[in-house]
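Student: Handing over structure09.cif, mmCIF, C-alpha atoms and all ligand atoms.
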data_my_file
loop_
_atom_site.label_atom_id
_atom_site.label_comp_id
_atom_site.auth_asym_id
_atom_site.auth_seq_id
_atom_site.Cartn_x
_atom_site.Cartn_y
_atom_site.Cartn_z
CA MET A 27 9.33 43.24 -121.09
CA ALA A 28 5.95 44.53 -119.99
CA HIS A 29 5.94 47.27 -117.34
CA SER A 30 4.30 44.90 -114.89
CA ASP A 31 7.12 42.34 -115.23
CA ALA A 32 9.54 44.84 -113.72
CA CYS A 33 7.69 44.75 -110.38
CA LEU A 34 9.93 43.52 -107.54
CA LYS A 35 6.97 42.91 -105.18
CA CYS A 36 8.74 45.10 -102.64
CA THR A 37 5.41 46.70 -101.43
CA ILE A 38 6.91 50.19 -101.24
CA CYS A 39 4.00 51.44 -103.37
CA ILE A 40 1.53 50.05 -100.84
CA ALA A 41 3.17 52.03 -98.04
CA ALA A 42 2.81 55.20 -100.14
CA CYS A 43 -0.92 54.75 -100.88
CA PRO A 44 -3.23 57.07 -98.90
CA VAL A 45 -6.34 55.03 -99.69
CA TYR A 46 -4.74 51.77 -98.52
CA ARG A 47 -4.02 53.39 -95.14
CA LYS A 48 -7.67 54.43 -94.65
CA ASP A 49 -9.72 51.71 -96.35
CA GLY A 50 -9.23 48.12 -95.15
CA GLU A 51 -11.02 46.74 -98.22
CA PHE A 52 -8.80 48.50 -100.78
CA PRO A 53 -6.45 45.90 -102.35
CA GLY A 54 -3.65 48.44 -102.87
CA PRO A 55 -1.55 49.51 -105.85
CA LYS A 56 0.55 46.36 -106.28
CA ALA A 57 -2.51 44.12 -106.57
CA LEU A 58 -4.56 46.51 -108.72
CA GLY A 59 -1.66 47.55 -110.92
CA PRO A 60 1.21 45.22 -111.87
CA GLU A 61 -0.29 42.00 -110.48
CA TRP A 62 -3.59 42.50 -112.29
CA HIS A 63 -1.79 43.61 -115.44
CA ARG A 64 0.35 40.45 -115.59
CA ARG A 65 -2.77 38.27 -115.34
CA HIS A 66 -4.53 40.49 -117.87
CA LEU A 67 -1.75 39.98 -120.42
CA ALA A 68 -1.96 36.23 -119.80
CA GLY A 69 -5.72 36.35 -120.43
CA THR A 70 -6.63 35.51 -116.83
CA GLY A 71 -7.05 39.02 -115.42
CA ASP A 72 -10.46 39.02 -113.78
CA LEU A 73 -11.51 42.50 -112.77
CA MET A 74 -11.06 43.29 -109.09
CA ASP A 75 -13.50 45.02 -106.77
CA HIS A 76 -12.58 48.50 -105.54
CA VAL A 77 -10.37 49.41 -108.50
CA ASP A 78 -12.41 52.62 -108.83
CA ASP A 79 -11.53 53.55 -105.23
CA CYS A 80 -8.04 54.51 -106.41
CA THR A 81 -7.77 58.31 -106.52
CA PHE A 82 -5.10 58.28 -109.28
CA CYS A 83 -2.90 60.38 -107.00
CA GLN A 84 0.15 58.59 -108.48
CA LEU A 85 1.99 58.56 -105.14
CA CYS A 86 2.52 54.81 -105.58
CA GLU A 87 4.12 55.41 -108.95
CA GLY A 88 6.37 58.13 -107.58
CA ALA A 89 7.53 55.78 -104.81
CA CYS A 90 8.29 52.74 -106.99
CA PRO A 91 12.07 52.17 -107.01
CA VAL A 92 12.09 50.58 -110.47
CA GLY A 93 9.73 52.96 -112.27
CA VAL A 94 6.69 50.72 -112.73
CA PRO A 95 3.89 53.04 -113.94
CA VAL A 96 1.62 51.64 -111.22
CA ALA A 97 -1.14 54.24 -111.35
CA HIS A 98 -1.28 54.10 -115.15
CA LEU A 99 -1.63 50.32 -115.04
CA ILE A 100 -4.50 50.86 -112.58
CA ALA A 101 -6.03 53.31 -115.08
CA GLU A 102 -6.01 50.48 -117.64
CA HIS A 103 -7.66 48.24 -115.03
CA LYS A 104 -10.32 50.92 -114.47
CA ALA A 105 -10.83 51.16 -118.23
CA ALA A 106 -11.46 47.42 -118.42
CA ALA A 107 -13.97 47.73 -115.54
CA LEU A 108 -15.97 50.59 -117.10
CA PRO A 109 -18.68 48.38 -118.66
CA LYS A 110 -19.58 47.20 -115.13
CA GLN A 111 -20.57 50.72 -114.04
CA THR A 112 -24.21 51.33 -113.19
CA TRP A 113 -26.11 53.89 -115.29
CA PRO A 114 -26.29 56.69 -112.71
CA MET A 115 -22.54 56.45 -112.16
CA ARG A 116 -21.88 56.34 -115.87
CA VAL A 117 -23.88 59.54 -116.38
CA ARG A 118 -22.21 61.20 -113.36
CA ASP A 119 -18.71 60.29 -114.50
CA THR A 120 -19.46 61.51 -118.02
CA VAL A 121 -20.20 64.93 -116.53
CA LEU A 122 -17.27 64.89 -114.09
CA THR A 123 -14.81 63.88 -116.79
CA HIS A 124 -15.91 66.83 -118.90
CA PRO A 125 -14.96 69.71 -116.61
CA GLU A 126 -14.97 71.91 -119.70
CA TRP A 127 -18.79 71.53 -119.72
CA VAL A 128 -19.02 72.37 -116.01
CA ALA A 129 -16.84 75.46 -116.60
CA ARG A 130 -19.50 76.84 -118.96
CA ALA A 131 -22.25 76.71 -116.31
CA PRO A 132 -20.53 76.61 -112.91
CA VAL A 133 -23.56 77.92 -110.98
CA LEU A 134 -25.37 74.64 -111.67
CA THR A 135 -23.06 72.85 -109.22
CA ARG A 136 -24.75 74.74 -106.35
CA ALA A 137 -28.32 74.77 -107.65
CA THR A 138 -30.54 73.42 -104.86
CA ALA A 139 -33.21 72.44 -107.40
CA LEU A 140 -30.75 69.83 -108.68
CA VAL A 141 -30.18 68.12 -105.30
CA PRO A 142 -32.52 65.16 -106.03
CA ILE A 143 -30.71 64.57 -109.33
CA SER A 144 -27.38 64.80 -107.50
CA ARG A 145 -28.50 62.04 -105.16
CA TRP A 146 -29.57 59.84 -108.06
CA LEU A 147 -26.21 60.47 -109.70
CA LYS A 148 -24.41 59.42 -106.49
CA LEU A 149 -22.78 62.81 -106.06
CA SER A 150 -21.63 63.39 -102.50
CA THR A 151 -23.92 65.49 -100.32
CA ARG A 152 -21.13 65.68 -97.73
CA SER A 153 -18.47 67.36 -99.84
CA GLN A 154 -18.62 71.11 -100.31
CA ARG A 155 -19.20 72.42 -103.85
CA PRO A 156 -16.96 75.16 -105.22
CA SER A 157 -17.96 78.82 -105.00
CA VAL A 158 -17.85 80.94 -108.13
CA ARG A 159 -15.27 83.69 -107.71
CA LYS A 160 -15.43 86.01 -110.68
CA ALA A 161 -13.07 88.92 -111.20
CA PRO A 162 -14.56 92.17 -112.49
CA ARG A 163 -13.96 93.12 -116.10
CA LEU A 164 -11.73 96.10 -116.66
CA SER A 165 -12.06 98.62 -119.38
CA ARG A 166 -10.35 98.36 -122.74
CA SER A 167 -8.28 101.46 -121.94
CA SER A 168 -6.72 99.86 -118.85
CA ARG A 169 -6.04 96.72 -120.85
CA ARG A 170 -4.28 98.71 -123.57
CA ALA A 171 -2.25 100.55 -120.93
CA ALA A 172 -1.20 97.29 -119.33
CA VAL A 173 -0.16 95.38 -122.40
CA GLY A 174 2.63 97.23 -124.05
CA GLY A 175 4.60 95.97 -127.02
CA GLY A 176 8.15 94.70 -127.12
CA ARG A 177 8.02 92.68 -123.94
CA PRO A 178 8.76 88.96 -123.76
CA ARG A 179 5.59 86.97 -124.16
CA VAL A 180 4.12 84.08 -122.17
CA ALA A 181 0.97 82.05 -122.74
CA LEU A 182 -1.24 81.48 -119.69
CA PHE A 183 -3.01 78.12 -119.75
CA VAL A 184 -6.63 78.59 -118.62
CA ASP A 185 -7.72 75.36 -116.92
CA CYS A 186 -11.36 74.36 -116.57
CA PHE A 187 -11.61 75.07 -112.84
CA ASP A 188 -10.20 78.58 -113.01
CA ARG A 189 -12.18 79.39 -116.17
CA GLY A 190 -15.44 78.36 -114.49
CA PHE A 191 -14.95 79.05 -110.81
CA ASP A 192 -11.96 81.29 -110.13
CA THR A 193 -11.25 83.97 -112.69
CA GLU A 194 -9.89 86.00 -109.78
CA ALA A 195 -6.90 83.65 -109.51
CA MET A 196 -6.44 83.50 -113.26
CA LEU A 197 -6.48 87.27 -113.72
CA ALA A 198 -4.26 87.76 -110.68
CA ALA A 199 -1.67 85.48 -112.33
CA GLN A 200 -1.95 87.43 -115.58
CA ALA A 201 -1.66 90.81 -113.85
CA LEU A 202 1.34 89.65 -111.81
CA MET A 203 3.20 88.41 -114.87
CA GLU A 204 2.57 91.78 -116.50
CA VAL A 205 4.01 93.45 -113.39
CA PHE A 206 7.04 91.14 -113.83
CA GLY A 207 7.47 92.63 -117.32
CA PHE A 208 5.83 90.05 -119.62
CA GLU A 209 3.07 90.28 -122.17
CA VAL A 210 0.49 87.59 -121.45
CA HIS A 211 -2.13 85.92 -123.60
CA GLN A 212 -4.52 83.19 -122.57
CA VAL A 213 -4.88 79.79 -124.21
CA PRO A 214 -7.03 78.03 -125.19
CA ARG A 215 -9.73 80.50 -126.20
CA THR A 216 -12.57 78.07 -125.65
CA SER A 217 -13.36 75.83 -122.70
CA GLN A 218 -11.52 72.53 -123.18
CA CYS A 219 -10.05 69.84 -120.93
CA CYS A 220 -6.48 68.48 -121.00
CA GLY A 221 -7.80 64.95 -120.33
CA ALA A 222 -6.71 64.73 -116.68
CA ALA A 223 -10.18 64.02 -115.27
CA ALA A 224 -10.98 61.32 -117.82
CA TYR A 225 -7.64 59.62 -117.32
CA ALA A 226 -8.11 59.54 -113.53
CA SER A 227 -11.45 57.76 -114.04
CA GLY A 228 -10.00 55.18 -116.42
CA ARG A 229 -11.56 56.75 -119.52
CA VAL A 230 -8.29 56.49 -121.35
CA ALA A 231 -9.66 56.74 -124.89
CA GLN A 232 -11.69 59.82 -123.95
CA ALA A 233 -8.60 61.35 -122.30
CA ARG A 234 -6.67 60.84 -125.57
CA ARG A 235 -9.42 62.59 -127.56
CA GLN A 236 -9.67 65.51 -125.15
CA ALA A 237 -5.90 65.90 -124.90
CA GLY A 238 -5.52 65.74 -128.68
CA ALA A 239 -8.14 68.45 -129.24
CA MET A 240 -6.58 70.64 -126.56
CA GLU A 241 -3.10 70.16 -127.97
CA GLN A 242 -4.29 71.24 -131.42
CA ALA A 243 -6.02 74.29 -129.97
CA ILE A 244 -2.94 75.38 -128.02
CA ARG A 245 -0.60 74.83 -130.97
CA GLY A 246 -2.94 76.90 -133.16
CA GLU A 247 -3.05 79.75 -130.65
CA LEU A 248 0.64 79.94 -129.74
CA ARG A 249 2.26 82.81 -131.63
CA GLY A 250 5.71 81.21 -131.79
CA ASP A 251 7.61 83.67 -129.59
CA GLU A 252 6.37 82.66 -126.12
CA VAL A 253 9.05 81.88 -123.58
CA ALA A 254 6.75 79.48 -121.70
CA LEU A 255 3.24 78.12 -121.23
CA ILE A 256 2.28 78.87 -117.62
CA THR A 257 -0.09 76.59 -115.71
CA LEU A 258 -2.00 77.34 -112.51
CA ASN A 259 -3.09 73.81 -111.65
CA ALA A 260 -0.48 71.18 -110.74
CA THR A 261 -2.59 68.35 -112.14
CA CYS A 262 -2.92 70.03 -115.54
CA GLN A 263 0.81 70.76 -115.36
CA GLY A 264 1.58 67.04 -114.91
CA THR A 265 -0.89 65.99 -117.60
CA ILE A 266 0.31 68.45 -120.25
CA GLY A 267 3.97 68.45 -119.28
CA GLU A 268 4.43 64.69 -118.81
CA GLU A 269 1.47 62.48 -119.60
CA TRP A 270 0.61 63.88 -123.01
CA SER A 271 3.88 62.60 -124.44
CA LYS A 272 4.50 59.65 -122.12
CA PHE A 273 1.06 58.02 -122.01
CA LEU A 274 -1.31 59.76 -124.43
CA GLY A 275 0.77 59.60 -127.60
CA LEU A 276 1.13 63.35 -128.17
CA ASN A 277 4.22 65.32 -129.05
CA ASP A 278 5.69 67.80 -126.59
CA LEU A 279 4.52 71.38 -127.05
CA PRO A 280 7.07 73.73 -128.63
CA VAL A 281 7.41 75.77 -125.38
CA PRO A 282 8.40 74.78 -121.84
CA VAL A 283 5.38 74.12 -119.59
CA ILE A 284 6.02 75.78 -116.21
CA PRO A 285 3.90 76.17 -113.03
CA PHE A 286 3.06 79.78 -112.19
CA HIS A 287 4.82 79.77 -108.83
CA VAL A 288 8.05 78.41 -110.33
CA PHE A 289 7.87 81.07 -113.07
CA ALA A 290 7.31 83.78 -110.44
CA LEU A 291 10.32 82.65 -108.43
CA GLN A 292 12.46 82.67 -111.57
CA HIS A 293 11.25 85.88 -113.22
CA ALA A 294 9.80 88.34 -110.71
CA PRO A 295 12.34 91.15 -110.26
CA ALA A 296 14.04 91.61 -106.90
CA GLY A 297 12.21 94.91 -106.44
CA PHE A 298 8.86 93.13 -106.61
CA TRP A 299 9.79 90.80 -103.75
CA SER A 300 11.23 93.56 -101.56
CA THR A 301 8.14 95.73 -102.14
CA VAL A 302 5.73 92.92 -101.29
CA ALA A 303 7.77 91.76 -98.30
CA ALA A 304 8.00 95.30 -96.91
CA ALA A 305 4.20 95.56 -96.89
CA ASN A 306 4.21 92.85 -94.19
CA VAL A 307 0.76 91.51 -94.98
CA ASP A 308 -1.12 90.06 -92.04
CA PRO A 309 1.69 89.77 -89.48
CA GLY A 310 1.23 87.00 -86.91
CA SER A 311 -0.93 85.00 -89.28
CA TRP A 312 0.12 81.59 -90.61
CA THR A 313 0.52 80.58 -94.25
CA TRP A 314 0.11 76.89 -95.01
CA THR A 315 1.16 75.59 -98.40
CA HIS A 316 -0.14 72.54 -100.23
CA THR A 317 0.54 71.21 -103.70
CA THR A 318 -1.55 68.47 -105.28
CA CYS A 319 -0.60 64.82 -105.02
CA ARG A 320 0.26 64.98 -108.73
CA GLY A 321 2.50 67.98 -108.11
CA ARG A 322 4.01 66.29 -105.08
CA ARG A 323 6.78 64.68 -107.12
CA ARG A 324 8.11 68.17 -107.74
CA GLY A 325 7.72 68.80 -104.02
CA ASP A 326 6.02 71.49 -101.98
CA GLY A 327 9.28 73.45 -101.82
CA ALA A 328 8.50 76.01 -104.52
CA LEU A 329 5.19 77.03 -102.93
CA PHE A 330 6.89 77.30 -99.55
CA GLN A 331 9.68 79.37 -101.08
CA LEU A 332 7.16 81.63 -102.84
CA ALA A 333 5.37 82.45 -99.58
CA ARG A 334 8.68 83.10 -97.82
CA ARG A 335 9.91 85.40 -100.60
CA ALA A 336 6.65 87.32 -100.38
CA GLY A 337 7.50 88.07 -96.76
CA MET A 338 5.14 85.70 -95.01
CA ASP A 339 7.01 85.06 -91.78
CA GLN A 340 5.19 81.96 -90.48
CA VAL A 341 5.02 79.45 -93.33
CA GLU A 342 4.40 75.74 -92.96
CA PRO A 343 3.69 73.07 -95.61
CA LEU A 344 0.60 71.03 -94.80
CA ASP A 345 1.70 67.62 -93.62
CA LEU A 346 -0.28 65.80 -96.32
CA GLU A 347 0.91 63.73 -99.26
CA CYS A 348 -2.63 63.93 -100.67
CA CYS A 349 -5.56 65.94 -99.28
CA GLY A 350 -8.11 63.41 -100.55
CA ALA A 351 -9.83 65.69 -103.07
CA ALA A 352 -8.03 64.19 -106.08
CA GLY A 353 -9.93 66.15 -108.73
CA SER A 354 -13.52 64.94 -108.70
CA TYR A 355 -12.88 61.98 -106.33
CA ALA A 356 -14.25 63.70 -103.21
CA PHE A 357 -17.44 64.70 -105.09
CA LYS A 358 -18.43 61.04 -105.57
CA ALA A 359 -20.69 59.72 -102.80
CA GLU A 360 -18.88 56.38 -102.47
CA HIS A 361 -15.54 58.17 -101.94
CA ALA A 362 -16.54 61.10 -99.73
CA GLU A 363 -15.73 59.36 -96.44
CA THR A 364 -12.30 58.16 -97.58
CA ALA A 365 -11.52 61.60 -99.03
CA HIS A 366 -12.47 63.20 -95.71
CA ASP A 367 -10.33 60.73 -93.69
CA ILE A 368 -7.30 61.26 -95.93
CA GLY A 369 -7.41 65.04 -95.51
CA GLN A 370 -8.23 65.07 -91.80
CA PRO A 371 -4.60 65.62 -90.61
CA ALA A 372 -4.76 69.11 -92.14
CA ALA A 373 -7.49 70.09 -89.69
CA ALA A 374 -5.44 68.81 -86.75
CA GLN A 375 -2.30 70.59 -87.94
CA ILE A 376 -4.04 73.96 -88.38
CA HIS A 377 -6.32 73.71 -85.36
CA GLY A 378 -6.61 76.93 -83.36
CA ARG A 379 -4.16 78.99 -85.43
CA PRO A 380 -5.15 81.94 -87.64
CA GLY A 381 -4.03 81.94 -91.27
CA VAL A 382 -4.72 80.96 -94.85
CA ILE A 383 -3.79 78.15 -97.24
CA TRP A 384 -1.87 78.61 -100.52
CA VAL A 385 -2.78 75.71 -102.82
CA ASP A 386 -2.25 75.16 -106.56
CA SER A 387 -5.50 73.34 -107.30
CA GLY A 388 -9.08 74.58 -107.10
CA THR A 389 -10.56 71.26 -106.04
CA CYS A 390 -7.90 70.79 -103.31
CA ALA A 391 -8.79 74.32 -102.15
CA VAL A 392 -12.50 73.46 -101.84
CA HIS A 393 -11.72 70.28 -99.90
CA LEU A 394 -9.16 71.89 -97.58
CA GLU A 395 -11.43 74.85 -96.81
CA GLN A 396 -14.11 72.44 -95.69
CA LEU A 397 -11.73 70.29 -93.64
CA ALA A 398 -9.62 72.97 -92.01
CA GLY A 399 -12.01 75.95 -91.88
CA ARG A 400 -9.42 78.31 -93.41
CA THR A 401 -9.61 80.20 -96.69
CA ALA A 402 -7.67 78.28 -99.35
CA ARG A 403 -6.79 80.03 -102.61
CA HIS A 404 -4.29 79.86 -105.42
CA PRO A 405 -0.85 81.42 -104.67
CA ALA A 406 -1.39 83.89 -107.54
CA TYR A 407 -4.45 85.25 -105.72
CA TRP A 408 -2.56 85.66 -102.43
CA LEU A 409 0.48 87.17 -104.12
CA TRP A 410 -1.71 89.68 -105.97
CA GLN A 411 -3.41 90.65 -102.70
CA ALA A 412 0.02 91.22 -101.16
CA TRP A 413 1.06 93.34 -104.16
CA LEU A 414 -2.10 95.47 -103.93
CA THR A 415 -1.49 95.97 -100.21
CA SER A 416 2.08 97.05 -100.89
CA GLN A 417 0.90 99.49 -103.56
CA SER A 418 -1.77 101.09 -101.38
CA ALA A 419 0.74 101.29 -98.50
CA SER A 420 3.15 103.23 -100.71
CA ALA A 421 0.28 105.32 -102.15
CA THR A 422 1.36 104.37 -105.66
CA PRO A 423 -1.49 103.66 -108.07
CA PRO A 424 -1.77 99.88 -108.32
CA ALA A 425 -0.71 98.12 -111.48
CA PRO A 426 -3.61 97.24 -113.74
CA ALA A 427 -5.62 94.22 -112.62
CA GLY A 428 -8.52 92.30 -113.98
CA HIS A 429 -7.79 92.81 -117.65
CA GLY A 430 -7.69 89.89 -120.02
CA GLU A 431 -11.01 88.41 -119.01
CA PRO A 432 -11.56 84.82 -120.18
CA ARG A 433 -12.74 84.68 -123.74
CA ASP A 434 -15.16 81.87 -123.11
CA GLY A 435 -17.07 80.61 -120.12
CA GLY A 436 -16.34 83.46 -117.75
CA SER A 437 -17.39 87.00 -117.26
S1 LIG B 501 6.90 49.72 -105.55
FE1 LIG B 501 7.16 49.08 -107.70
S2 LIG B 501 8.41 47.26 -107.58
FE2 LIG B 501 7.64 47.60 -105.52
S3 LIG B 501 5.75 46.37 -105.40
FE3 LIG B 501 5.14 48.42 -106.06
S4 LIG B 501 5.13 48.31 -108.31
FE4 LIG B 501 6.30 46.54 -107.58
S1 LIG B 502 -2.77 56.15 -107.49
FE1 LIG B 502 -2.87 56.79 -105.33
S2 LIG B 502 -4.80 55.91 -104.55
FE2 LIG B 502 -4.30 54.87 -106.49
S3 LIG B 502 -3.21 53.05 -105.81
FE3 LIG B 502 -1.66 54.62 -106.29
S4 LIG B 502 -1.24 55.62 -104.32
FE4 LIG B 502 -3.16 54.45 -104.08
#
Please, can you express the file's structure as structure tokens?
Ligand code: SF4
Ligand code: SF4

Tutor:
Amino acid sequence: MAHSDACLKCTICIAACPVYRKDGEFPGPKALGPEWHRRHLAGTGDLMDHVDDCTFCQLCEGACPVGVPVAHLIAEHKAAALPKQTWPMRVRDTVLTHPEWVARAPVLTRATALVPISRWLKLSTRSQRPSVRKAPRLSRSSRRAAVGGGRPRVALFVDCFDRGFDTEAMLAAQALMEVFGFEVHQVPRTSQCCGAAAYASGRVAQARRQAGAMEQAIRGELRGDEVALITLNATCQGTIGEEWSKFLGLNDLPVPVIPFHVFALQHAPAGFWSTVAAANVDPGSWTWTHTTCRGRRRGDGALFQLARRAGMDQVEPLDLECCGAAGSYAFKAEHAETAHDIGQPAAAQIHGRPGVIWVDSGTCAVHLEQLAGRTARHPAYWLWQAWLTSQSASATPPAPAGHGEPRDGGS
């Protein structure tokens, strides 16, 4: 039986769709997914308008009571519609589905000289572009001091966003795991994409190629004794941990793939949490947590728990299933308004209260900062700041930070 034949027509997926709620012209997941797919298999599946307005958040798929892979059927629909794309959009989406290229020259995303080209490419002029937040390099001696032998080893997956735009978060995660007692090495060495962006845009064949190359690189760089591969971005986590084997025809990696915040909750020693909590960082300030729509299936609970364990006393998950950023979705001119409308409740929820946002995706962070006017960073960044505060409060020299600079694309 084809996946689409399992559809009960219950419309639960429609109720879960954030785009359907905001855009009266959007046909919704049932029509774009299983209904189109059934006609497609019968040879009568004309392409539908607005299929590209789907963010690929996968909330419909998570809600389906009988496990229809709704969003992945929509990805096939998008793939069939690709030849209808206009040239500027085709060029734009080629760039946006190669975030590993963008990671090599992140400053270009803010170059004012390129604004006319951006307009031609139908990039949104409304959506904020990411800032480049580079961590300083540390000396070889501090690196040697930090990385002792004989400790259990983890591999840290360096995603395109953090490699290009936020080495602060990446190095904070590495330094924290070393404080937890692990030896950390980064993979892959060179800037590559797991295929998530291409898949979201319906470029399924390209996603398979990118994922396959990435898988080979990671397998070649794993040393065989790692206890886990740690991810910072929930979308990459879902792509590598689930989609590679389920939809892209790859074998599972030989190590568990675990989000950083889950690893921290499992492996940071009790003394770390009590030290950080005792520092009482920013009392009276709020901490809002948000995980990506793709991470939503695993819930926001672990991020919430992380902030609570770090001693943040006023913690609240953002009341959003999806913030609207959805990877590169909000950067496309035709989607900017919908993306803004989807994320708007965050601004209302936060309004008038001081605080910061802990979020496990760089593009969600950019979008939420613009919407809510609060600094949004990766939990590893915030946790490292709390650790540094605790160390300066106790006048103990801080643990080494900033070592292990990215080996490609960052400095
Ligand atoms: S939730 Fe699942 S079964 Fe129900 S209409 Fe959507 S795809 Fe069909
Ligand atoms: S993937 Fe998200 S945006 Fe697309 S149809 Fe499903 S719920 Fe709607």

Student: Give the residue list for ligand LIG 502 (chain B) at 8 Å, counting all atoms listed in the file, as a PyMOL selection string, sorted by chain and then by residue number.

Tutor: chain A and resi 39-40+42-46+54-56+58-59+79-87+96-97+100

Student: List all protein, DNA and RNA residues that have any atom at most 6 Å from ligand LIG 501 (chain B), counting all atoms listed in the file, and write the list as an NGL selection string.

Tutor: :A and (33-39 or 56 or 90-92 or 94 or 96)

Student: Tell me which protein, DNA and RNA residues are within 12 Å of Asp367 of chain A, counting all atoms listed in the file, leaving out same-chain ones fewer than 6 positions away, and put them as a list in words.

Tutor: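 Residues near the query, excluding close chain neighbours: Pro44, Val45, Tyr46, Arg47, Lys48, Asp49, Leu346, Cys348, Cys349, Gly350, Ala351, Ala356, His361, Ala373, Ala374, His393, Leu394 and Leu397 of chain A.
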
Student: Using all atoms listed in the file for the distances, tell me which of A:Leu248, A:Phe191, A:Ala222, A:Trp299 is nearest to Val210 of chain A.

Tutor: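 Nearest candidate to Val210 of chain A out of A:Leu248, A:Phe191, A:Ala222, A:Trp299: A:Leu248.
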
Student: Quick one, how far is atom CA of Arg335 of chain A from atom CA of Arg379 of chain A?

Tutor: 21.7 Å

Student: Please indicate the distance in Å from atom CA of Met240 of chain A to atom CA of Leu182 of chain A, rounded to one decimal place.

Tutor: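 The value is 13.9 Å.
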
Student: Need to verify the contact set: segment 176-178 of chain A, 7 Å, all atoms listed in the file, exclusion of same-chain residues closer than 6 positions in sequence. Can you return it as a PyMOL selection string?

Tutor: chain A and resi 207-209

Student: Closest to Ser157 of chain A among A:Glu102, A:Asp78, A:Asp278, A:Glu395, using all atoms listed in the file?

Tutor: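 Closest to Ser157 of chain A of all the choices is A:Glu395.
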
Student: Which residue, A:Cys220, A:Met338, A:Leu258, A:Ala305, has the smallest gap to Ala195 of chain A when you use all atoms listed in the file?

Tutor: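 Once distances to Ala195 of chain A are computed over all atoms listed in the file, the minimum belongs to A:Leu258.
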